[in-house]
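Novice: work23.cif is reproduced in full below (mmCIF, C-alpha atoms and all ligand atoms).
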data_my_file
#
loop_
_atom_site.label_atom_id
_atom_site.label_comp_id
_atom_site.auth_asym_id
_atom_site.auth_seq_id
_atom_site.Cartn_x
_atom_site.Cartn_y
_atom_site.Cartn_z
CA MET A 1 7.00 24.97 15.28
CA ASP A 2 3.24 24.72 15.15
CA PRO A 3 1.91 21.26 14.35
CA ILE A 4 0.44 20.70 10.90
CA LEU A 5 -3.05 19.22 11.04
CA CYS A 6 -4.71 17.92 7.87
CA VAL A 7 -8.35 16.92 7.63
CA GLY A 8 -9.72 14.13 5.46
CA ILE A 9 -13.42 13.63 4.84
CA ASP A 10 -15.21 10.76 3.14
CA LEU A 11 -18.67 12.02 2.20
CA GLY A 12 -20.96 9.20 1.11
CA GLY A 13 -24.65 9.26 0.34
CA THR A 14 -25.48 7.92 3.81
CA ASN A 15 -22.52 8.62 6.08
CA ALA A 16 -19.81 11.21 6.52
CA ARG A 17 -16.52 10.18 8.09
CA LEU A 18 -13.94 12.79 9.11
CA GLN A 19 -10.43 12.30 10.42
CA ILE A 20 -7.73 14.71 11.51
CA PHE A 21 -4.15 13.66 10.77
CA ASN A 22 -0.73 15.03 11.60
CA ASP A 23 1.73 15.62 8.77
CA ALA A 24 2.87 11.97 9.04
CA LEU A 25 -0.73 10.96 8.31
CA HIS A 26 -1.22 9.45 11.74
CA PRO A 27 -4.87 9.81 12.76
CA ILE A 28 -5.29 12.05 15.79
CA SER A 29 -9.03 12.47 16.06
CA GLN A 30 -12.19 11.61 14.17
CA GLY A 31 -15.91 12.09 13.78
CA HIS A 32 -18.76 10.31 12.06
CA ALA A 33 -22.32 11.34 11.19
CA ARG A 34 -25.31 9.98 9.29
CA ILE A 35 -26.39 12.43 6.64
CA ARG A 36 -29.06 10.55 4.77
CA ASP A 37 -31.97 12.65 6.05
CA ASP A 38 -30.74 15.98 4.74
CA CYS A 39 -28.27 16.24 1.88
CA GLN A 40 -28.72 19.95 1.21
CA PRO A 41 -25.26 21.47 0.74
CA GLU A 42 -25.79 23.99 3.57
CA SER A 43 -26.83 21.22 5.98
CA ILE A 44 -23.89 19.01 4.97
CA CYS A 45 -21.45 21.92 5.43
CA HIS A 46 -22.85 22.60 8.88
CA THR A 47 -22.74 18.90 9.86
CA LEU A 48 -19.13 18.57 8.68
CA SER A 49 -18.11 21.79 10.40
CA ALA A 50 -19.67 20.55 13.66
CA LEU A 51 -17.87 17.20 13.22
CA LEU A 52 -14.60 19.04 12.72
CA LYS A 53 -15.15 21.19 15.78
CA GLY A 54 -16.03 18.13 17.87
CA ALA A 55 -13.00 16.20 16.63
CA CYS A 56 -10.72 19.12 17.56
CA LEU A 57 -12.30 19.40 21.02
CA ASP A 58 -12.04 15.64 21.64
CA ALA A 59 -8.29 15.65 21.06
CA HIS A 60 -7.64 19.13 22.51
CA LEU A 61 -6.47 20.39 19.11
CA ASN A 62 -6.15 24.05 18.26
CA VAL A 63 -8.31 24.82 15.20
CA ALA A 64 -5.73 27.44 14.20
CA HIS A 65 -3.39 24.54 13.32
CA LEU A 66 -5.75 23.13 10.66
CA GLN A 67 -3.78 23.52 7.43
CA VAL A 68 -5.94 21.95 4.79
CA ILE A 69 -9.14 19.97 4.29
CA GLY A 70 -9.57 17.27 1.64
CA MET A 71 -12.99 15.83 0.87
CA GLY A 72 -13.76 12.79 -1.25
CA LEU A 73 -17.24 12.21 -2.65
CA ALA A 74 -18.86 10.19 -5.41
CA GLY A 75 -19.41 12.63 -8.20
CA GLN A 76 -18.15 14.37 -11.27
CA LEU A 77 -16.15 17.50 -10.55
CA SER A 78 -15.32 20.72 -12.33
CA ARG A 79 -11.91 21.12 -13.88
CA ASP A 80 -10.65 23.16 -10.91
CA GLY A 81 -12.03 20.57 -8.46
CA ARG A 82 -14.10 23.16 -6.53
CA THR A 83 -17.56 22.45 -7.89
CA VAL A 84 -19.51 19.21 -7.90
CA LEU A 85 -21.09 19.01 -11.34
CA ASN A 86 -23.16 15.93 -10.60
CA ALA A 87 -23.38 13.75 -7.50
CA PRO A 88 -26.49 11.56 -7.82
CA ASN A 89 -26.07 10.01 -4.33
CA LEU A 90 -26.31 13.46 -2.78
CA GLY A 91 -28.74 14.92 -5.33
CA TRP A 92 -26.26 17.69 -6.16
CA LEU A 93 -25.97 19.49 -9.50
CA ASP A 94 -23.47 22.34 -9.90
CA VAL A 95 -22.75 22.84 -6.21
CA ASP A 96 -19.67 24.97 -5.38
CA ILE A 97 -19.06 22.89 -2.30
CA ALA A 98 -15.42 23.83 -1.70
CA HIS A 99 -16.31 27.53 -1.43
CA GLN A 100 -19.42 26.84 0.67
CA PHE A 101 -17.55 24.65 3.12
CA GLU A 102 -14.67 27.12 3.43
CA LYS A 103 -17.19 29.85 4.30
CA THR A 104 -18.97 27.61 6.82
CA VAL A 105 -15.70 26.68 8.57
CA GLU A 106 -14.69 30.34 8.64
CA ARG A 107 -18.05 31.36 10.14
CA GLU A 108 -18.35 28.52 12.66
CA LEU A 109 -14.72 27.85 13.63
CA GLY A 110 -13.09 31.16 12.78
CA VAL A 111 -10.32 29.63 10.62
CA THR A 112 -9.71 29.50 6.87
CA PRO A 113 -7.98 26.26 5.80
CA PRO A 114 -8.40 25.69 2.05
CA VAL A 115 -10.80 22.94 1.01
CA PHE A 116 -10.06 20.58 -1.89
CA ILE A 117 -12.64 18.20 -3.35
CA PHE A 118 -11.76 14.86 -4.96
CA ASN A 119 -13.61 12.01 -6.56
CA ASP A 120 -13.90 9.37 -3.83
CA LEU A 121 -12.36 6.69 -6.04
CA ASN A 122 -9.30 8.88 -6.44
CA THR A 123 -8.94 9.16 -2.65
CA LEU A 124 -9.33 5.39 -2.13
CA VAL A 125 -6.98 4.34 -4.92
CA PHE A 126 -4.41 7.00 -4.05
CA ASP A 127 -4.38 5.69 -0.47
CA GLU A 128 -4.08 2.06 -1.58
CA TRP A 129 -1.20 3.01 -3.82
CA ARG A 130 0.69 5.04 -1.20
CA LEU A 131 0.00 3.00 1.92
CA GLY A 132 -2.10 -0.05 1.09
CA ALA A 133 -2.27 -3.00 -1.26
CA ALA A 134 -0.41 -1.53 -4.23
CA ARG A 135 2.59 0.11 -2.60
CA ASP A 136 5.18 -1.48 -4.86
CA VAL A 137 3.88 -0.43 -8.29
CA SER A 138 4.21 2.75 -10.33
CA ASP A 139 1.11 2.10 -12.40
CA MET A 140 -2.21 0.74 -11.23
CA LEU A 141 -5.88 0.61 -12.06
CA GLY A 142 -8.37 0.55 -9.18
CA VAL A 143 -11.97 -0.41 -9.90
CA TYR A 144 -14.64 -0.46 -7.21
CA VAL A 145 -17.98 -2.11 -7.87
CA GLY A 146 -20.50 -0.99 -5.30
CA THR A 147 -23.78 0.84 -5.82
CA GLY A 148 -22.12 2.17 -8.96
CA VAL A 149 -18.88 1.32 -10.75
CA GLY A 150 -15.95 3.70 -10.37
CA GLY A 151 -12.28 3.69 -11.10
CA ALA A 152 -9.04 5.60 -10.72
CA ILE A 153 -5.68 5.33 -12.42
CA ILE A 154 -2.15 5.82 -11.15
CA ALA A 155 0.14 6.30 -14.17
CA GLY A 156 3.88 6.76 -13.86
CA GLY A 157 3.60 7.41 -10.11
CA ARG A 158 0.89 10.06 -10.43
CA LEU A 159 -2.84 10.06 -10.07
CA LEU A 160 -4.24 10.57 -13.56
CA SER A 161 -6.76 13.41 -13.46
CA GLY A 162 -7.55 13.80 -17.14
CA GLN A 163 -8.06 17.00 -19.12
CA SER A 164 -11.22 17.97 -17.26
CA ASN A 165 -10.53 16.18 -13.95
CA ASN A 166 -12.70 13.13 -14.66
CA ALA A 167 -10.31 10.37 -15.73
CA GLY A 168 -11.03 6.83 -14.58
CA GLU A 169 -14.79 6.70 -15.18
CA ILE A 170 -14.72 3.05 -16.21
CA GLY A 171 -18.32 2.61 -15.06
CA HIS A 172 -19.41 4.64 -18.05
CA VAL A 173 -17.48 2.88 -20.79
CA LYS A 174 -20.02 1.45 -23.23
CA VAL A 175 -20.40 -2.30 -23.25
CA VAL A 176 -23.76 -2.80 -25.00
CA PRO A 177 -24.67 -0.48 -27.91
CA GLU A 178 -28.09 1.07 -27.17
CA GLY A 179 -28.27 -1.03 -24.00
CA ARG A 180 -29.81 -0.35 -20.57
CA VAL A 181 -30.19 3.24 -19.41
CA CYS A 182 -27.50 4.36 -16.98
CA GLY A 183 -27.68 6.95 -14.18
CA CYS A 184 -25.44 9.22 -16.27
CA GLY A 185 -28.22 9.53 -18.86
CA GLN A 186 -26.53 7.46 -21.56
CA ARG A 187 -27.22 3.89 -22.58
CA GLY A 188 -25.19 0.72 -22.43
CA CYS A 189 -22.68 1.74 -19.73
CA LEU A 190 -20.85 -0.94 -17.73
CA GLU A 191 -22.47 0.48 -14.58
CA ALA A 192 -25.96 -0.15 -16.00
CA TYR A 193 -25.14 -3.88 -15.93
CA ALA A 194 -22.61 -4.35 -13.12
CA GLY A 195 -23.40 -1.56 -10.63
CA GLY A 196 -25.05 -2.93 -7.46
CA ARG A 197 -28.25 -0.96 -7.92
CA HIS A 198 -28.66 -2.13 -11.51
CA LEU A 199 -27.63 -5.68 -10.66
CA GLU A 200 -30.32 -5.81 -7.97
CA ALA A 201 -32.90 -4.54 -10.46
CA ARG A 202 -31.92 -7.21 -12.97
CA VAL A 203 -32.10 -9.97 -10.35
CA SER A 204 -35.49 -8.68 -9.20
CA GLU A 205 -36.78 -8.83 -12.77
CA VAL A 206 -35.72 -12.48 -12.94
CA LEU A 207 -37.28 -13.33 -9.57
CA ASP A 208 -40.56 -11.68 -10.57
CA ALA A 209 -40.60 -13.78 -13.73
CA HIS A 210 -39.72 -17.01 -11.84
CA PRO A 211 -41.81 -17.16 -8.62
CA THR A 212 -40.82 -20.81 -8.04
CA LEU A 213 -37.20 -19.74 -7.70
CA GLN A 214 -38.11 -17.31 -4.95
CA LYS A 215 -40.18 -20.01 -3.21
CA ALA A 216 -37.22 -22.39 -3.23
CA HIS A 217 -34.93 -19.70 -1.84
CA PRO A 218 -36.85 -17.60 0.71
CA GLU A 219 -33.61 -15.77 1.59
CA LEU A 220 -34.02 -13.93 -1.71
CA GLY A 221 -37.45 -12.63 -0.79
CA GLY A 222 -36.66 -10.13 1.99
CA GLU A 223 -37.76 -6.53 1.86
CA VAL A 224 -34.41 -5.52 0.40
CA LEU A 225 -32.74 -7.90 -2.03
CA GLN A 226 -29.26 -8.84 -0.85
CA LEU A 227 -26.81 -9.67 -3.62
CA SER A 228 -24.81 -11.60 -1.02
CA ALA A 229 -27.75 -14.05 -0.83
CA VAL A 230 -27.86 -14.40 -4.61
CA ASP A 231 -24.15 -15.02 -5.13
CA PRO A 232 -23.87 -18.52 -3.56
CA ILE A 233 -26.81 -19.92 -5.58
CA ALA A 234 -26.55 -17.86 -8.78
CA GLN A 235 -24.68 -20.50 -10.75
CA ASP A 236 -27.18 -23.26 -9.86
CA HIS A 237 -30.14 -21.50 -11.48
CA PRO A 238 -30.03 -20.66 -15.19
CA PRO A 239 -31.93 -17.36 -15.09
CA LEU A 240 -29.60 -16.07 -12.34
CA SER A 241 -26.46 -17.67 -13.73
CA ALA A 242 -27.14 -15.88 -17.01
CA ILE A 243 -26.94 -12.56 -15.14
CA TRP A 244 -23.75 -13.57 -13.32
CA GLU A 245 -22.20 -14.76 -16.59
CA GLN A 246 -23.15 -11.64 -18.53
CA THR A 247 -22.07 -9.31 -15.71
CA SER A 248 -18.71 -11.02 -15.35
CA ASP A 249 -18.26 -11.06 -19.15
CA LEU A 250 -18.85 -7.31 -19.39
CA LEU A 251 -16.67 -6.50 -16.38
CA ALA A 252 -13.90 -8.75 -17.67
CA LEU A 253 -13.96 -7.18 -21.14
CA SER A 254 -13.83 -3.67 -19.71
CA LEU A 255 -11.11 -4.48 -17.16
CA ALA A 256 -8.99 -6.43 -19.62
CA ASN A 257 -9.22 -3.70 -22.26
CA ALA A 258 -8.25 -1.08 -19.68
CA CYS A 259 -5.29 -3.24 -18.56
CA THR A 260 -4.15 -3.71 -22.14
CA LEU A 261 -4.41 0.03 -22.70
CA LEU A 262 -2.71 1.15 -19.46
CA ASN A 263 -0.34 -1.75 -18.70
CA PRO A 264 -0.74 -1.41 -14.92
CA GLY A 265 1.29 -3.42 -12.40
CA ALA A 266 -1.78 -3.87 -10.21
CA LEU A 267 -5.48 -4.25 -10.83
CA LEU A 268 -7.19 -3.44 -7.53
CA LEU A 269 -10.74 -4.75 -7.31
CA GLY A 270 -12.82 -3.46 -4.41
CA GLY A 271 -16.29 -2.28 -3.45
CA GLY A 272 -19.35 -3.82 -1.82
CA VAL A 273 -20.46 -6.00 -4.73
CA PHE A 274 -17.03 -7.66 -4.99
CA ASP A 275 -16.80 -7.92 -1.18
CA HIS A 276 -20.18 -9.63 -0.85
CA CYS A 277 -20.21 -11.68 -4.05
CA PRO A 278 -17.04 -13.83 -4.06
CA THR A 279 -18.37 -16.08 -6.82
CA LEU A 280 -18.93 -13.12 -9.11
CA ARG A 281 -15.50 -11.72 -8.28
CA ARG A 282 -13.81 -15.05 -9.06
CA LEU A 283 -15.64 -15.26 -12.40
CA VAL A 284 -14.49 -11.73 -13.23
CA VAL A 285 -10.84 -12.37 -12.36
CA ASP A 286 -10.81 -15.72 -14.18
CA LYS A 287 -12.27 -14.15 -17.32
CA THR A 288 -10.23 -10.94 -17.22
CA LEU A 289 -6.68 -12.25 -17.19
CA PRO A 290 -6.81 -14.31 -20.42
CA LEU A 291 -8.18 -11.27 -22.27
CA VAL A 292 -5.29 -8.97 -21.33
CA LEU A 293 -2.56 -8.66 -23.94
CA GLU A 294 0.10 -11.20 -22.93
CA VAL A 295 2.90 -8.63 -22.51
CA ALA A 296 0.67 -6.52 -20.25
CA ARG A 297 -0.44 -9.58 -18.26
CA ARG A 298 3.06 -10.73 -17.25
CA ASP A 299 3.51 -8.20 -14.44
CA LEU A 300 -0.14 -7.73 -13.54
CA GLN A 301 -1.20 -8.54 -9.98
CA VAL A 302 -4.88 -8.64 -9.00
CA LEU A 303 -5.29 -7.19 -5.50
CA ARG A 304 -7.90 -6.41 -2.88
CA PRO A 305 -7.97 -3.09 -1.00
CA LEU A 306 -6.36 -3.16 2.46
CA GLY A 307 -7.17 0.26 3.84
CA GLY A 308 -10.66 -0.20 5.31
CA VAL A 309 -12.75 2.78 6.38
CA GLU A 310 -9.70 4.93 7.04
CA SER A 311 -8.69 4.80 3.42
CA GLY A 312 -11.14 7.46 2.18
CA PRO A 313 -10.34 10.20 4.73
CA ARG A 314 -6.60 9.41 4.67
CA GLY A 315 -6.49 9.49 0.87
CA ALA A 316 -8.41 12.79 0.83
CA ALA A 317 -6.04 14.29 3.40
CA ALA A 318 -2.97 13.08 1.47
CA LEU A 319 -4.26 14.49 -1.83
CA ALA A 320 -5.08 17.80 -0.11
CA MET A 321 -1.56 17.91 1.38
CA GLN A 322 -0.18 17.41 -2.10
CA GLU A 323 -2.25 20.37 -3.35
CA LEU A 324 -0.45 22.51 -0.77
CA ALA A 325 2.90 21.00 -1.81
CA ILE A 326 3.22 19.18 1.52
CA SER A 327 4.59 15.73 0.70
CA PRO A 328 2.44 13.04 2.28
CA PRO A 329 4.45 10.14 3.72
CA SER A 330 4.80 6.95 1.72
CA SER A 331 5.43 4.34 4.40
CA ILE A 332 3.29 4.98 7.46
CA PRO A 333 1.06 4.34 9.30
CA PRO A 334 1.38 0.56 9.58
CA LEU A 335 -1.50 -1.47 8.26
CA PRO A 336 -3.40 -4.00 10.36
CA PRO A 337 -1.75 -7.44 10.28
CA GLY A 338 -3.50 -10.31 8.57
CA ALA A 339 -5.61 -8.17 6.25
CA PRO A 340 -6.65 -10.22 3.19
CA ARG A 341 -4.68 -9.62 0.04
ZN ZN A 401 -23.22 5.83 -17.56
#
Let's see the structure in the file written out as structure tokens.
Specialist:
Amino acid sequence: MDPILCVGIDLGGTNARLQIFNDALHPISQGHARIRDDCQPESICHTLSALLKGACLDAHLNVAHLQVIGMGLAGQLSRDGRTVLNAPNLGWLDVDIAHQFEKTVERELGVTPPVFIFNDLNTLVFDEWRLGAARDVSDMLGVYVGTGVGGAIIAGGRLLSGQSNNAGEIGHVKVVPEGRVCGCGQRGCLEAYAGGRHLEARVSEVLDAHPTLQKAHPELGGEVLQLSAVDPIAQDHPPLSAIWEQTSDLLALSLANACTLLNPGALLLGGGVFDHCPTLRRLVVDKTLPLVLEVARRDLQVLRPLGGVESGPRGAAALAMQELAISPPSSIPPLPPGAPR
């Protein structure tokens, strides 16, 4: 029998990571490219097609055995999952990327595996649920705070897609009526306060207004503000601690309300801001739990992602396999020992 090869792609605003898996989701080959310079859909399709070709050549794989391609990206998708309605990181509006990539692969590799597009949070959380931190629960909420704030929900053992394929957008729940303008065009979204880009802007506003603070902490004055440099000192300086307190208050309210509503067994908190700002993360967790309805709090574990960089491509490949009614495995591959939990 011919081997089944499944492709998973994690397409970020700066990097694209591609992996080829067998039907047991063991990685067989991979490729990686920087894409920041040219995010035009045609260029991205060509880059990804070349990555795929290279990854097949590296591992002596026959492109005819490619069964399906799953791609995760940060963006809002059409109901059928084939068109990216809005992906600010890539500058895409109404791009029928699944069709375009299928045509590019057909032209450049001579094969026609179907392409499925997923929200990147769905790929990450699906992978953490199947193979990572949250393997033992039927219901979970995953929230990643990075440049933006995104989420995904597993309910009753299934990824919740929503009526129009956009469930889980916790970054755009409203936390301040008529508040700060968000990238989605509305005001007062959680992301406009807690998303890394907005958090940096708010810290910069404070530093501009308090030059003595910047003088006392030159590590805050680099060309690019690092939130990881702010986190250890934020609570010692009232103008910064006010931001950390407000941000953790708003995150905690949103997370606790979502947990009360969904009654998940796991709340998975990941993303660059949480990774690099342990003080902020601790504040959020400490404030969230008491706000969750007591009966929903009893079985709630707060977890960190385990999957690392493989999680995005592997989750995309697993979701794509599911689209073709190929059951992705639920117990392999093994995870690295000693990963923080
Ligand atoms: Zn928004």
Novice: Show me which residues sit within 10 Å of ligand ZN 401 (chain A) when counting all atoms listed in the file, and put them as a list of chain:residue names.
Specialist: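 So, counting all atoms listed in the file, the residues near ligand ZN 401 (chain A) are A:Gly148, A:Val149, A:Glu169, A:Ile170, A:Gly171, A:His172, A:Val173, A:Lys174, A:Arg180, A:Val181, A:Cys182, A:Gly183, A:Cys184, A:Gly185, A:Gln186, A:Arg187, A:Gly188, A:Cys189, A:Leu190, A:Glu191, A:Ala192.
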Novice: Can you list, as JSON, numbers by chain, every protein, DNA or RNA residue that comes within 9 Å of Asp249 of chain A when you count all atoms listed in the file, leaving out same-chain residues fewer than 2 positions away?
Specialist: {"A": [244, 245, 246, 247, 251, 252, 253, 254, 283, 284, 287, 288]}
Novice: Residues at most 7 Å from segment 229-242 of chain A, counting all atoms listed in the file, excluding those fewer than 6 positions away in the same chain, as JSON, numbers by chain?
Specialist: {"A": [203, 206, 219, 220, 277, 279, 280]}
Novice: What is the distance, in Å and to one decimal place, between atom CA of Ile154 of chain A and atom CA of Gly271 of chain A?
Specialist: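 Answer for the atom CA of Ile154 of chain A to atom CA of Gly271 of chain A separation: 18.0 Å.
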Novice: Please compute the atom CA of Leu25 of chain A-atom CA of Ser49 of chain A distance, one decimal, in Å.
Specialist: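 That distance, rounded to one decimal, is 20.6 Å.
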Novice: Using all atoms listed in the file, which of the listed residues (A:Gly70, A:Gly54, A:Gly222, A:Gly75) sits closest to Glu108 of chain A?
Specialist: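 Checking each of A:Gly70, A:Gly54, A:Gly222, A:Gly75 against Glu108 of chain A, counting all atoms listed in the file, the winner is A:Gly54.
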Novice: Residues near Gly272 of chain A, anyone? I mean within 10 Å using only C-alpha atoms, not counting same-chain ones fewer than 6 positions away, as a ChimeraX atom specification.
Specialist: /A:144-148,195-196,227-228
Novice: Quick one, how far is atom CA of Cys56 of chain A from atom CA of Ala325 of chain A?
Specialist: 23.8 Å
Novice: Identify which of the residues A:Leu90, A:Leu293, A:Val115, A:Ala317 lies closest to Asn15 of chain A, counting all atoms listed in the file when measuring atom-to-atom distances.
Specialist: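 When distances to Asn15 of chain A are compared using all atoms listed in the file, the smallest one comes from A:Leu90.
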Novice: Counting only C-alpha atoms, figure out which residue out of A:Glu310, A:Glu294, A:Glu200, A:Asp286 gets nearest to Ile20 of chain A.
Specialist: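 Smallest separation from Ile20 of chain A among the options: A:Glu310.
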Novice: Box along x, y and z, 8 Å on every side, all listed atoms of segment 289-302 of chain A inside: centre and edge lengths in Å to one decimal, as lines of an AutoDock Vina configuration file.
Specialist:
center_x = -2.3
center_y = -10.4
center_z = -16.5
size_x = 27.7
size_y = 23.8
size_z = 30.9
